Amino acid sequence: LLNINVGGKLFQIAYKVLARYPITRLGKLALYTDPVKKLQLCDDYLVQENEYFFDRDPSIFHYIFHFYRSGVLWVMDEMCPSNFVEEIEYWGIHLKYSQRCCRILFEEKQDELSDYLKIQRDLEAELEPLDSGAQFDGKFLGRFRKMIWNLIENPYSSVPAKIIAVMSSFFVLISIVGMTLSTVEEMKNKTGKMWMEQMEMICAIFFTSEYLMRLISSSSFKNFLRAAFNAIDLVAILPFYIQILFENMDEGDMHYHEELHKVENVSKLGKVLKLIKLMRIFRILKLARHSTGLRAFSFTMRQCYQQVCCLLLFIAMGVFTFSALIHSVEHDVPGTDFTSIPYAWWWAAVSLSTVGYGDTVPDTILGRMVAFVCISFGIILNGMPISILYNKFSDYYAKLKAHEMSQ
């Protein structure tokens, strides 16, 4: 018998049993005759007791001990997959010696653990800023840039930093409200336009100052340009300056300037200006910088993009299928709106989404049966991923809040 001491617990295994598995650590220990090679396989050797000592986990070695006696490696659910894999790799035993049912469940648990760890890393990266305070040490104006960085990027560092974060969200809301009110008919008079322009100018000045402060406090200009939030900040301030550039183009020629304003609504320049003004709506995305809920929603969409793409694929398949069916049963009806399959796409889309505007409806009994099946399919299709997305969103939101509190 070979005496083995694992973490203070004694095990005895016959040499002939270990010799069946010569590539394992204990198999080599039983077959080697050179004492030097044997000592290389264990942590220590007790001469008086003739024991080979291994500083490993004795609770997991029980499964290794059972494997040598029975030839089957048992895997229990309560064991940590990473720890168990590390132990069996140390003893030189492959997972293929386990039963197929145990191996399948163990591999699934391994995948779940790896996914969980990946999500944890992604969550930490979501909250971790591109720069850190330590990166400014030894650089040009390091203390000043670090102070600016704490004010802009770390709202929990001081009371002024919290005030700036609140002001940023406040100016975003003011800007969106101003853009909304500018479309109201009562606000299109001279006084209303003047107030809206002044409000827009104040918001643009604040957003520009905020962007420049972030640019100054960035330790890497390349990383600053690649950051998504910084791109959103740039999109938030560009429309204001582009609008000024277009409106003051060729200011010296007053006659041309007056004619330009007269045809602004129908000219290409007028359409460009309207599009540029519409881009101000993207300022609402700036709220995601200080909103845990919006960041959790964005993180959920990124993590569940496969489920979302699969849902969109099913919706597209349903639209094509039910539009073809409704066209085949309704195209002979006089005055029908289902004159072609592309015309039926809109009806299939609103029916699958269970909105049902009622602008296009089937007239025949068979067509209504197709509509009933389409709506039922839409209810089932929309109900499946909602619970998955909501559960993941709740989980990610709780983890983001926990990470923020820990930081």
# chains A, B, ... in the order shown; residues from 1 in each chain; ligands from 1
call {"tool": "residues_around", "arguments": {"residues": "range 383-396 of chain A", "least_positions_apart": "5", "cutoff": "8 Å", "atoms": "only C-alpha atoms", "output": "number ranges by chain"}}
result
A: 123, 296-297, 299-300, 304, 307, 311
call {"tool": "residues_around", "arguments": {"residues": "Asp55 in chain A", "least_positions_apart": "3", "cutoff": "7 Å", "atoms": "only C-alpha atoms", "output": "list in words"}}
result
Val6, Gly7 and Asp43 of chain A
call {"tool": "closest_residue", "arguments": {"among": "A:Ser182, A:Glu210, A:Phe54, A:Lys401", "to": "Gly293 in chain A", "atoms": "only C-alpha atoms"}}
result
A:Lys401
call {"tool": "closest_residue", "arguments": {"among": "A:Gln48, A:Gly8, A:Gln303, A:Ser376", "to": "Ile119 in chain A", "atoms": "only C-alpha atoms"}}
result
A:Gln303
call {"tool": "closest_residue", "arguments": {"among": "A:Arg280, A:Lys118, A:Ser220, A:His66", "to": "Ser98 in chain A", "atoms": "only C-alpha atoms"}}
result
A:His66
call {"tool": "select_by_dssp", "arguments": {"residues": "range 37-269 of chain A", "states": "strand (DSSP E or B)", "output": "list in words"}}
result
Asp44, Tyr45, Leu46, Glu51, Tyr52, Phe53, Phe54, Leu73 and Ser98 of chain A
call {"tool": "write_last_selection", "arguments": {"atoms": "N, CA, C and O atoms", "output": "compact mmCIF listing (two decimals), in the first residue's frame"}}
result
# COMPACT_ATOMS: atom_id res chain seq x y z
N ASP A 44 6.36 16.72 0.37
CA ASP A 44 7.28 16.30 1.42
C ASP A 44 7.16 14.78 1.58
O ASP A 44 6.17 14.17 1.13
N TYR A 45 8.17 14.21 2.23
CA TYR A 45 8.17 12.77 2.49
C TYR A 45 8.53 12.53 3.95
O TYR A 45 9.57 13.01 4.42
N LEU A 46 7.66 11.83 4.66
CA LEU A 46 7.88 11.50 6.06
C LEU A 46 8.49 10.11 6.13
O LEU A 46 7.84 9.11 5.83
N GLU A 51 5.29 8.13 4.48
CA GLU A 51 4.14 8.83 3.91
C GLU A 51 4.60 9.91 2.95
O GLU A 51 5.57 10.63 3.22
N TYR A 52 3.88 10.01 1.87
CA TYR A 52 4.10 11.10 0.91
C TYR A 52 3.06 12.19 1.20
O TYR A 52 1.85 11.94 1.17
N PHE A 53 3.58 13.37 1.49
CA PHE A 53 2.69 14.45 1.91
C PHE A 53 2.38 15.38 0.73
O PHE A 53 3.28 15.77 -0.03
N PHE A 54 1.09 15.73 0.61
CA PHE A 54 0.62 16.66 -0.42
C PHE A 54 -0.18 17.77 0.27
O PHE A 54 -1.14 17.47 1.00
N LEU A 73 -14.94 9.08 -11.91
CA LEU A 73 -14.76 10.35 -11.22
C LEU A 73 -16.12 10.99 -10.99
O LEU A 73 -16.82 11.36 -11.94
N SER A 98 -15.23 11.03 -15.77
CA SER A 98 -16.50 11.19 -15.06
C SER A 98 -17.65 10.69 -15.93
O SER A 98 -17.51 10.51 -17.14
call {"tool": "closest_residue", "arguments": {"among": "A:Arg121, A:Lys28, A:His327, A:Arg368", "to": "Leu400 in chain A", "atoms": "only C-alpha atoms"}}
result
A:Arg121
call {"tool": "residues_around", "arguments": {"residues": "Leu10 in chain A", "least_positions_apart": "5", "cutoff": "12 Å", "atoms": "only C-alpha atoms", "output": "PyMOL selection string"}}
result
chain A and resi 1-5+49-54+58-59+61-62+65
call {"tool": "residues_around", "arguments": {"residues": "range 312-319 of chain A", "least_positions_apart": "2", "cutoff": "10 Å", "atoms": "only C-alpha atoms", "output": "ChimeraX atom specification"}}
result
/A:306-310,321-325,341-342,344-353,374,377-378,381-382
call {"tool": "atom_distance", "arguments": {"atom1": "CA of Met79 in chain A", "atom2": "CA of Ile104 in chain A"}}
result
14.7 Å
